[in-house]
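Visitor: To be precise about what I am sending: the file is called query-v9.tsv and holds TSV, C-alpha atoms.
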```
chain	number	residue	atom	x	y	z
A	1	MET	CA	0.00	0.00	0.00
A	2	ASN	CA	1.67	3.24	-1.13
A	3	CYS	CA	1.09	6.70	0.30
A	4	MET	CA	-1.73	7.57	-2.08
A	5	ASP	CA	-3.44	4.22	-1.37
A	6	LEU	CA	-3.03	4.81	2.36
A	7	LEU	CA	-4.77	8.19	2.39
A	8	SER	CA	-8.32	6.92	1.81
A	9	PRO	CA	-8.35	4.18	4.49
A	10	MET	CA	-6.61	6.60	6.87
A	11	LYS	CA	-9.47	9.08	6.39
A	12	THR	CA	-11.96	6.28	6.89
A	13	PHE	CA	-10.23	5.15	10.07
A	14	VAL	CA	-10.28	8.67	11.53
A	15	ARG	CA	-13.98	9.04	10.79
A	16	VAL	CA	-14.75	5.63	12.31
A	17	VAL	CA	-12.98	6.67	15.50
A	18	GLU	CA	-14.81	10.01	15.59
A	19	ALA	CA	-18.23	8.56	14.78
A	20	GLY	CA	-17.76	5.38	16.81
A	21	SER	CA	-19.51	3.33	14.16
A	22	PHE	CA	-18.74	1.58	10.87
A	23	THR	CA	-22.38	1.99	9.81
A	24	ALA	CA	-22.44	5.75	10.39
A	25	VAL	CA	-19.32	6.22	8.25
A	26	ALA	CA	-20.74	3.93	5.57
A	27	ASN	CA	-23.85	6.12	5.41
A	28	GLU	CA	-21.71	9.25	5.16
A	29	GLN	CA	-19.74	7.79	2.25
A	30	ASN	CA	-22.75	6.21	0.51
A	31	SER	CA	-21.03	2.88	1.06
A	32	THR	CA	-21.73	-0.27	3.08
A	33	GLN	CA	-20.63	-1.46	6.49
A	34	PRO	CA	-18.68	-4.45	5.06
A	35	THR	CA	-16.79	-2.12	2.70
A	36	ILE	CA	-15.74	0.14	5.58
A	37	SER	CA	-14.76	-2.91	7.64
A	38	ARG	CA	-12.59	-4.21	4.78
A	39	GLN	CA	-10.82	-0.83	4.50
A	40	ILE	CA	-9.96	-0.89	8.21
A	41	ALA	CA	-8.85	-4.53	7.99
A	42	ALA	CA	-6.60	-3.71	5.01
A	43	LEU	CA	-5.12	-0.78	6.95
A	44	GLU	CA	-4.44	-3.01	9.95
A	45	GLU	CA	-2.81	-5.62	7.70
A	46	HIS	CA	-0.61	-2.96	6.11
A	47	LEU	CA	0.47	-1.68	9.54
A	48	GLY	CA	0.81	-5.13	11.01
A	49	SER	CA	-1.18	-4.15	14.08
A	50	ARG	CA	-4.77	-4.21	15.33
A	51	LEU	CA	-6.15	-0.68	15.64
A	52	LEU	CA	-9.67	-1.33	16.90
A	53	THR	CA	-11.26	-3.84	19.20
A	54	ARG	CA	-14.73	-4.67	17.95
A	55	THR	CA	-17.62	-5.90	20.09
A	56	THR	CA	-21.34	-6.07	19.38
A	57	ARG	CA	-21.83	-2.85	21.37
A	58	ALA	CA	-18.79	-0.65	20.79
A	59	LEU	CA	-15.51	0.05	19.04
A	60	THR	CA	-12.48	0.61	21.25
A	61	LEU	CA	-9.08	1.89	20.21
A	62	THR	CA	-6.10	-0.29	21.04
A	63	ASP	CA	-2.91	1.39	22.26
A	64	ASP	CA	-1.51	1.19	18.72
A	65	GLY	CA	-4.82	2.48	17.37
A	66	ARG	CA	-4.75	5.48	19.67
A	67	ALA	CA	-1.20	6.35	18.65
A	68	PHE	CA	-1.98	5.89	14.95
A	69	TYR	CA	-5.14	8.03	15.25
A	70	GLU	CA	-3.18	10.98	16.65
A	71	HIS	CA	-0.56	10.74	13.88
A	72	ALA	CA	-3.20	10.18	11.19
A	73	LEU	CA	-5.14	13.23	12.32
A	74	ARG	CA	-2.06	15.44	12.05
A	75	ALA	CA	-1.16	13.93	8.68
A	76	LEU	CA	-4.63	14.51	7.26
A	77	GLU	CA	-4.62	18.07	8.55
A	78	ALA	CA	-1.30	18.65	6.80
A	79	VAL	CA	-2.69	17.21	3.55
A	80	GLY	CA	-5.80	19.35	3.91
A	81	GLU	CA	-3.70	22.43	4.59
A	82	ALA	CA	-1.69	21.77	1.42
A	83	GLU	CA	-4.89	21.28	-0.59
A	84	ASN	CA	-6.36	24.38	0.99
A	85	ALA	CA	-3.34	26.50	-0.01
A	86	VAL	CA	-3.74	25.44	-3.63
A	87	GLY	CA	-7.50	25.85	-3.37
A	88	ARG	CA	-7.19	29.45	-2.20
A	89	ARG	CA	-5.17	30.30	-5.29
A	90	GLN	CA	-7.65	28.55	-7.54
A	91	ALA	CA	-10.66	29.94	-5.60
A	92	LYS	CA	-12.71	26.88	-6.50
A	93	PRO	CA	-14.16	25.06	-3.51
A	94	THR	CA	-15.00	21.45	-4.32
A	95	GLY	CA	-16.57	18.43	-2.66
A	96	THR	CA	-19.48	18.31	-0.23
A	97	LEU	CA	-20.06	20.83	2.54
A	98	ARG	CA	-22.01	19.37	5.46
A	99	LEU	CA	-23.93	22.26	7.03
A	100	ALA	CA	-26.07	22.16	10.21
A	101	VAL	CA	-28.64	24.92	10.82
A	102	PRO	CA	-31.58	25.57	13.19
A	103	VAL	CA	-34.92	24.68	11.62
A	104	VAL	CA	-36.69	28.04	11.19
A	105	LEU	CA	-33.50	29.96	10.44
A	106	GLY	CA	-32.56	27.42	7.80
A	107	ARG	CA	-35.97	27.28	6.20
A	108	ARG	CA	-36.58	31.03	6.05
A	109	HIS	CA	-33.11	32.55	5.66
A	110	ILE	CA	-30.45	30.02	4.68
A	111	VAL	CA	-31.98	27.58	2.18
A	112	PRO	CA	-33.40	30.42	0.00
A	113	ARG	CA	-29.83	31.72	-0.40
A	114	LEU	CA	-28.20	28.41	-1.33
A	115	ALA	CA	-29.06	28.59	-5.03
A	116	SER	CA	-26.91	31.70	-5.33
A	117	PHE	CA	-24.06	30.04	-3.42
A	118	LEU	CA	-24.16	26.87	-5.52
A	119	SER	CA	-24.30	28.89	-8.72
A	120	ARG	CA	-21.12	30.68	-7.62
A	121	TYR	CA	-19.35	27.37	-6.83
A	122	PRO	CA	-20.44	24.74	-9.38
A	123	ASP	CA	-18.02	22.07	-8.10
A	124	LEU	CA	-19.45	22.16	-4.59
A	125	SER	CA	-22.50	20.39	-3.18
A	126	ILE	CA	-24.25	20.89	0.18
A	127	ASP	CA	-25.62	18.36	2.63
A	128	VAL	CA	-27.89	20.25	5.06
A	129	THR	CA	-28.92	19.00	8.51
A	130	MET	CA	-31.78	20.98	10.08
A	131	SER	CA	-32.13	20.62	13.84
A	132	ASP	CA	-32.49	22.87	16.86
A	133	SER	CA	-30.24	20.55	18.87
A	134	PHE	CA	-26.51	21.20	19.10
A	135	VAL	CA	-25.10	18.21	17.23
A	136	ASP	CA	-21.54	17.03	17.86
A	137	LEU	CA	-19.78	18.40	14.78
A	138	VAL	CA	-16.89	15.94	14.88
A	139	GLU	CA	-18.97	12.87	15.65
A	140	GLN	CA	-21.53	13.72	12.96
A	141	GLY	CA	-18.93	14.80	10.40
A	142	ILE	CA	-20.37	18.34	10.16
A	143	ASP	CA	-18.10	20.89	8.48
A	144	LEU	CA	-19.96	24.02	9.60
A	145	ALA	CA	-22.91	24.86	11.87
A	146	LEU	CA	-24.91	28.00	12.52
A	147	ARG	CA	-25.77	28.54	16.17
A	148	VAL	CA	-27.77	31.21	17.97
A	149	GLY	CA	-26.39	32.35	21.33
A	150	GLU	CA	-23.04	32.50	23.04
A	151	ILE	CA	-20.56	29.73	22.19
A	152	THR	CA	-19.06	28.12	25.29
A	153	ASP	CA	-17.58	24.97	23.71
A	154	GLN	CA	-13.82	25.54	23.65
A	155	SER	CA	-13.36	22.86	20.98
A	156	LEU	CA	-15.14	25.07	18.42
A	157	VAL	CA	-14.04	28.12	16.48
A	158	ALA	CA	-16.79	30.74	16.15
A	159	ARG	CA	-17.22	33.69	13.82
A	160	ASN	CA	-20.04	36.13	14.42
A	161	ILE	CA	-22.03	36.64	11.21
A	162	GLY	CA	-25.22	38.25	12.49
A	163	MET	CA	-27.46	39.19	15.38
A	164	VAL	CA	-30.80	37.60	16.14
A	165	ARG	CA	-33.34	40.11	17.34
A	166	ARG	CA	-36.15	38.52	19.36
A	167	VAL	CA	-39.73	39.64	19.88
A	168	THR	CA	-42.66	38.74	22.12
A	169	VAL	CA	-45.63	37.67	20.02
A	170	ALA	CA	-49.14	36.22	20.14
A	171	SER	CA	-52.00	35.70	17.74
A	172	PRO	CA	-54.97	38.12	17.69
A	173	ALA	CA	-57.22	35.17	18.62
A	174	TYR	CA	-55.24	34.48	21.79
A	175	LEU	CA	-55.24	38.17	22.76
A	176	ARG	CA	-59.00	38.50	22.26
A	177	THR	CA	-59.55	35.66	24.71
A	178	HIS	CA	-56.85	36.35	27.30
A	179	GLY	CA	-56.10	40.06	26.99
A	180	THR	CA	-52.88	41.88	26.07
A	181	PRO	CA	-50.00	42.16	28.56
A	182	SER	CA	-48.72	45.70	29.06
A	183	ALA	CA	-45.53	44.80	30.97
A	184	PRO	CA	-43.34	41.68	31.31
A	185	ALA	CA	-44.71	41.02	34.82
A	186	ASP	CA	-48.14	40.41	33.26
A	187	LEU	CA	-46.78	37.32	31.49
A	188	ALA	CA	-46.94	35.36	34.74
A	189	ARG	CA	-50.75	35.35	34.35
A	190	HIS	CA	-50.68	34.20	30.70
A	191	GLN	CA	-50.25	30.97	28.82
A	192	CYS	CA	-46.66	31.19	27.56
A	193	ILE	CA	-45.09	28.85	25.03
A	194	VAL	CA	-41.89	27.59	26.65
A	195	TYR	CA	-39.10	26.69	24.23
A	196	THR	CA	-37.25	24.02	26.19
A	197	ARG	CA	-33.94	24.43	24.32
A	198	LEU	CA	-33.61	28.03	25.47
A	199	ALA	CA	-30.59	28.28	27.75
A	200	THR	CA	-32.57	30.28	30.32
A	201	GLY	CA	-35.48	27.81	30.31
A	202	ASN	CA	-38.76	29.39	31.46
A	203	ARG	CA	-37.04	32.57	32.66
A	204	TRP	CA	-37.47	35.23	29.97
A	205	HIS	CA	-35.03	38.13	29.91
A	206	PHE	CA	-36.09	41.59	28.73
A	207	GLU	CA	-34.36	44.92	28.23
A	208	SER	CA	-35.95	48.21	29.31
A	209	LYS	CA	-34.99	51.82	29.82
A	210	ASP	CA	-34.65	51.03	33.52
A	211	GLY	CA	-32.42	48.01	33.01
A	212	PRO	CA	-32.85	44.25	32.52
A	213	LEU	CA	-35.93	42.38	33.70
A	214	VAL	CA	-36.40	38.64	34.27
A	215	VAL	CA	-39.82	36.97	34.38
A	216	ALA	CA	-40.60	33.34	35.17
A	217	VAL	CA	-43.29	32.10	32.77
A	218	SER	CA	-45.31	28.93	32.38
A	219	GLY	CA	-47.83	27.38	30.05
A	220	ARG	CA	-49.53	24.17	29.00
A	221	TYR	CA	-47.61	23.97	25.69
A	222	ARG	CA	-43.86	23.31	25.87
A	223	VAL	CA	-41.75	22.37	22.84
A	224	ASP	CA	-38.13	21.70	21.84
A	225	ASN	CA	-38.44	22.93	18.25
A	226	SER	CA	-38.60	26.51	16.99
A	227	GLU	CA	-40.95	25.53	14.17
A	228	ALA	CA	-43.36	24.12	16.77
A	229	VAL	CA	-43.13	27.42	18.71
A	230	ARG	CA	-44.05	29.29	15.55
A	231	GLU	CA	-46.98	27.00	14.76
A	232	GLY	CA	-48.16	27.17	18.37
A	233	VAL	CA	-48.32	30.97	18.20
A	234	LEU	CA	-50.29	30.85	14.95
A	235	ALA	CA	-52.68	28.31	16.50
A	236	GLY	CA	-53.38	30.63	19.45
A	237	LEU	CA	-51.75	28.41	22.08
A	238	GLY	CA	-50.05	31.25	23.88
A	239	ILE	CA	-47.45	34.02	23.97
A	240	ALA	CA	-43.89	33.30	22.84
A	241	VAL	CA	-40.49	34.92	22.72
A	242	ILE	CA	-39.03	34.00	19.35
A	243	PRO	CA	-36.54	35.32	16.78
A	244	ALA	CA	-38.09	38.14	14.75
A	245	PHE	CA	-37.23	36.36	11.49
A	246	ALA	CA	-39.84	33.69	12.26
A	247	PHE	CA	-42.78	36.05	11.69
A	248	SER	CA	-41.81	38.84	9.30
A	249	ASN	CA	-44.70	38.28	6.86
A	250	GLU	CA	-47.27	37.35	9.49
A	251	VAL	CA	-46.66	40.57	11.43
A	252	GLU	CA	-47.27	42.61	8.29
A	253	ASP	CA	-50.43	40.61	7.54
A	254	LYS	CA	-51.62	41.05	11.16
A	255	LYS	CA	-51.79	37.29	11.74
A	256	VAL	CA	-49.36	37.82	14.63
A	257	GLN	CA	-49.01	40.81	16.94
A	258	VAL	CA	-45.73	41.99	18.48
A	259	LEU	CA	-46.15	42.74	22.18
A	260	LEU	CA	-44.21	44.65	24.83
A	261	ARG	CA	-42.31	46.76	22.32
A	262	SER	CA	-40.73	48.81	25.13
A	263	TYR	CA	-39.34	45.61	26.68
A	264	GLU	CA	-37.62	43.82	23.84
A	265	PRO	CA	-35.89	40.52	24.71
A	266	LYS	CA	-32.12	40.67	24.63
A	267	PRO	CA	-30.80	39.91	21.10
A	268	LEU	CA	-28.52	36.92	20.62
A	269	PRO	CA	-25.43	36.55	18.42
A	270	LEU	CA	-25.58	34.32	15.33
A	271	ASN	CA	-22.30	32.43	14.93
A	272	ALA	CA	-20.81	30.19	12.28
A	273	VAL	CA	-18.90	27.47	14.13
A	274	TYR	CA	-16.57	24.71	13.03
A	275	PRO	CA	-14.24	22.21	14.74
A	276	SER	CA	-11.00	23.67	16.03
A	277	ARG	CA	-8.31	22.55	13.62
A	278	ARG	CA	-5.14	24.19	12.33
A	279	PHE	CA	-6.61	24.84	8.89
A	280	VAL	CA	-10.06	25.74	7.60
A	281	PRO	CA	-11.15	24.01	4.36
A	282	LEU	CA	-11.80	26.33	1.46
A	283	LYS	CA	-15.43	25.20	1.22
A	284	VAL	CA	-15.98	26.26	4.84
A	285	ARG	CA	-14.30	29.62	4.32
A	286	ALA	CA	-16.41	30.19	1.21
A	287	MET	CA	-19.70	29.52	3.01
A	288	ILE	CA	-18.82	31.64	6.04
A	289	ASP	CA	-17.80	34.58	3.86
A	290	PHE	CA	-20.92	34.18	1.72
A	291	LEU	CA	-23.28	34.14	4.69
A	292	ALA	CA	-21.49	37.01	6.45
A	293	ASN	CA	-21.90	39.18	3.35
A	294	GLU	CA	-25.51	38.12	2.80
A	295	LEU	CA	-26.62	38.66	6.38
A	296	GLU	CA	-24.83	41.98	6.70
A	297	ILE	CA	-27.53	43.50	4.48
A	298	ASP	CA	-30.39	41.40	5.84
A	299	PRO	CA	-32.76	43.71	7.77
A	300	VAL	CA	-33.56	40.97	10.28
A	301	LEU	CA	-30.15	39.39	10.92
A	302	SER	CA	-27.68	42.21	10.35
A	303	ARG	CA	-25.13	42.74	13.11
A	304	TYR	CA	-25.81	46.46	12.73
A	305	GLY	CA	-29.33	46.22	14.05
A	306	THR	CA	-32.18	47.25	11.82
A	307	SER	CA	-35.82	46.71	12.62
A	308	ALA	CA	-37.63	43.58	11.56
A	309	ASP	CA	-41.19	44.83	12.02
```
Starting from the file, lay out its structure as structure tokens.

Guide:
Amino acid sequence: MNCMDLLSPMKTFVRVVEAGSFTAVANEQNSTQPTISRQIAALEEHLGSRLLTRTTRALTLTDDGRAFYEHALRALEAVGEAENAVGRRQAKPTGTLRLAVPVVLGRRHIVPRLASFLSRYPDLSIDVTMSDSFVDLVEQGIDLALRVGEITDQSLVARNIGMVRRVTVASPAYLRTHGTPSAPADLARHQCIVYTRLATGNRWHFESKDGPLVVAVSGRYRVDNSEAVREGVLAGLGIAVIPAFAFSNEVEDKKVQVLLRSYEPKPLPLNAVYPSRRFVPLKVRAMIDFLANELEIDPVLSRYGTSAD
């Protein structure tokens, strides 16, 4: 097995270690579990050492496997850095970019922009994962993710590309039945839609001319998905705090009413994040730069703060 032949099984081995599964890597590569297993077996035969201990429940690195993984990771980073240097000169990102985005943000603001991006880079394809959960980028093989809120994971590199303004909203039907709150304290007497993935849980934070306010809210409808929050508001299930981009058209059409305008919830940063490595693939750089430029002029997501109403 020469160096060129070694590169592909080395990449496969690294992904198997990161994903912890032959099947997961087979799905990523549009291959089969036996094919991935044969690649690892061929690599082990070439090295003359067992790298993984396989059981029905888990894969475990041997001592030799752990040492080889560390060296393989550095070698692949060096190869990628060399490819990236050439790629920057050619300015032609290639391959598949695996992008993870929150559901409503992706549907309303990212996917509509992808046709322009793909037209600019014809040798690049995109594999989009939409989820409000924070997936493990390394384990899932994600190249780039968009996340709302402060980034505390030290294993990730973050670049701020926008600001998410949030609003308090309800449907006219809900307000006719339950009344309209005039101050954040009134929310304690209302049905509030609690988004369970919010870092502050059922404690909603507001800004006012007199300083920050915190209100504990509750309601009979709790969800872990921003799309379900949006649909719950439209269905009249309660009051919600939600990114302004979720309801731009509905506010104009008076299907949704923005409340407590003098007490706007604190805006959150929108970050593009990727695994901390020594080099950044050209396809990742291209997408980050594209989104940063696009969102800079977006009236809802611009870092420079323009109104979304």

Visitor: To one decimal place, how far is atom CA of Pro181 of chain A from atom CA of Val164 of chain A in Å?

Guide: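 Those two atoms sit 23.3 Å apart.
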
Visitor: Just how far from atom CA of Leu97 of chain A is atom CA of Asp123 of chain A, in Å to one decimal?

Guide: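 Computing the Euclidean distance for atom CA of Asp123 of chain A and atom CA of Leu97 of chain A yields 10.9 Å.
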
Visitor: Skipping near chain neighbours, those fewer than 3 positions away, what residues fall within 12 Å of Ser116 of chain A using all atoms listed in the file, listed as a list in words?

Guide: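 Here the qualifying residues turn out to be Ile110, Val111, Pro112, Arg113, Ser119, Arg120, Tyr121, Pro122, Met287, Phe290, Leu291 and Glu294 of chain A.
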
Visitor: Work out how far apart atom CA of Arg197 of chain A and atom CA of Arg98 of chain A are and give it in Å to one decimal.

Guide: 22.9 Å

Visitor: Quick one: residues within 12 Å of Asn293 of chain A, only C-alpha atoms counted, chain neighbours fewer than 2 positions away excluded, as a list of chain:residue names?

Guide: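 Here the answer would be A:Arg113, A:Phe117, A:Asn160, A:Ile161, A:Gly162, A:Ala286, A:Met287, A:Ile288, A:Asp289, A:Phe290, A:Leu291, A:Leu295, A:Glu296, A:Ile297, A:Asp298, A:Leu301, A:Ser302, A:Arg303.
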
Visitor: Name all residues at most 10 Å from Arg230 of chain A (count all atoms listed in the file; drop same-chain ones fewer than 6 positions away) and give them as a PDB file with C-alpha atoms, keeping the file's coordinate frame.

Guide:
```
ATOM      1  CA  VAL A 104     -36.690  28.040  11.190  1.00  0.00           C
ATOM      2  CA  VAL A 169     -45.630  37.670  20.020  1.00  0.00           C
ATOM      3  CA  ALA A 170     -49.140  36.220  20.140  1.00  0.00           C
ATOM      4  CA  ILE A 193     -45.090  28.850  25.030  1.00  0.00           C
ATOM      5  CA  ALA A 240     -43.890  33.300  22.840  1.00  0.00           C
ATOM      6  CA  VAL A 241     -40.490  34.920  22.720  1.00  0.00           C
ATOM      7  CA  ILE A 242     -39.030  34.000  19.350  1.00  0.00           C
ATOM      8  CA  PRO A 243     -36.540  35.320  16.780  1.00  0.00           C
ATOM      9  CA  ALA A 246     -39.840  33.690  12.260  1.00  0.00           C
ATOM     10  CA  PHE A 247     -42.780  36.050  11.690  1.00  0.00           C
TER      11      PHE A 247
END
```

Visitor: Find the residue from A:Asp210, A:Leu187, A:Phe134, A:Gln39 that sits nearest to Ile151 of chain A; use all atoms listed in the file when measuring.

Guide: A:Phe134

Visitor: If we count all atoms listed in the file and set the cut-off at 7 Å, which residues sit around Ile142 of chain A, ignoring sequence neighbours fewer than 4 positions away in its own chain? Please answer as a list in words.

Guide: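 In the requested form, the answer reads Arg98, Leu99, Ala100, Leu137 and Val138 of chain A.
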
Visitor: I need the residue nearest Asp224 of chain A from this list: A:Gly201, A:Gln257, A:Pro34, A:Val79. Use all atoms listed in the file for the distance.

Guide: A:Gly201

Visitor: So, counting only C-alpha atoms, which residue among A:Arg159, A:Phe245, A:Phe13, A:Leu144 is closest to Glu70 of chain A?

Guide: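 Closest residue, counting only C-alpha atoms: A:Phe13.
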
Visitor: Near Ala75 of chain A, within 10 Å and counting only C-alpha atoms, which residues show up once chain neighbours fewer than 6 positions away are dropped, as a ChimeraX atom specification?

Guide: /A:7,10-11,69,81

Visitor: Output, as AutoDock Vina command-line options, the centre and edge lengths in Å (one decimal) of the axis-aligned box that contains all listed atoms of segment 182-188 of chain A with 3 Å of margin on each side.

Guide:
```
--center_x -46.0 --center_y 40.5 --center_z 31.9 --size_x 11.4 --size_y 16.3 --size_z 11.8
```

Visitor: Just checking: using only C-alpha atoms, which residue out of A:Ser21, A:Arg176, A:Cys192, A:His109 ends up closest to Arg57 of chain A?

Guide: A:Ser21

Visitor: Kindly indicate which residue among A:Glu227, A:Gly106, A:Leu282, A:Pro172 lies nearest to Ala145 of chain A, using all atoms listed in the file for the distances.

Guide: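 The closest residue to Ala145 of chain A is A:Gly106.
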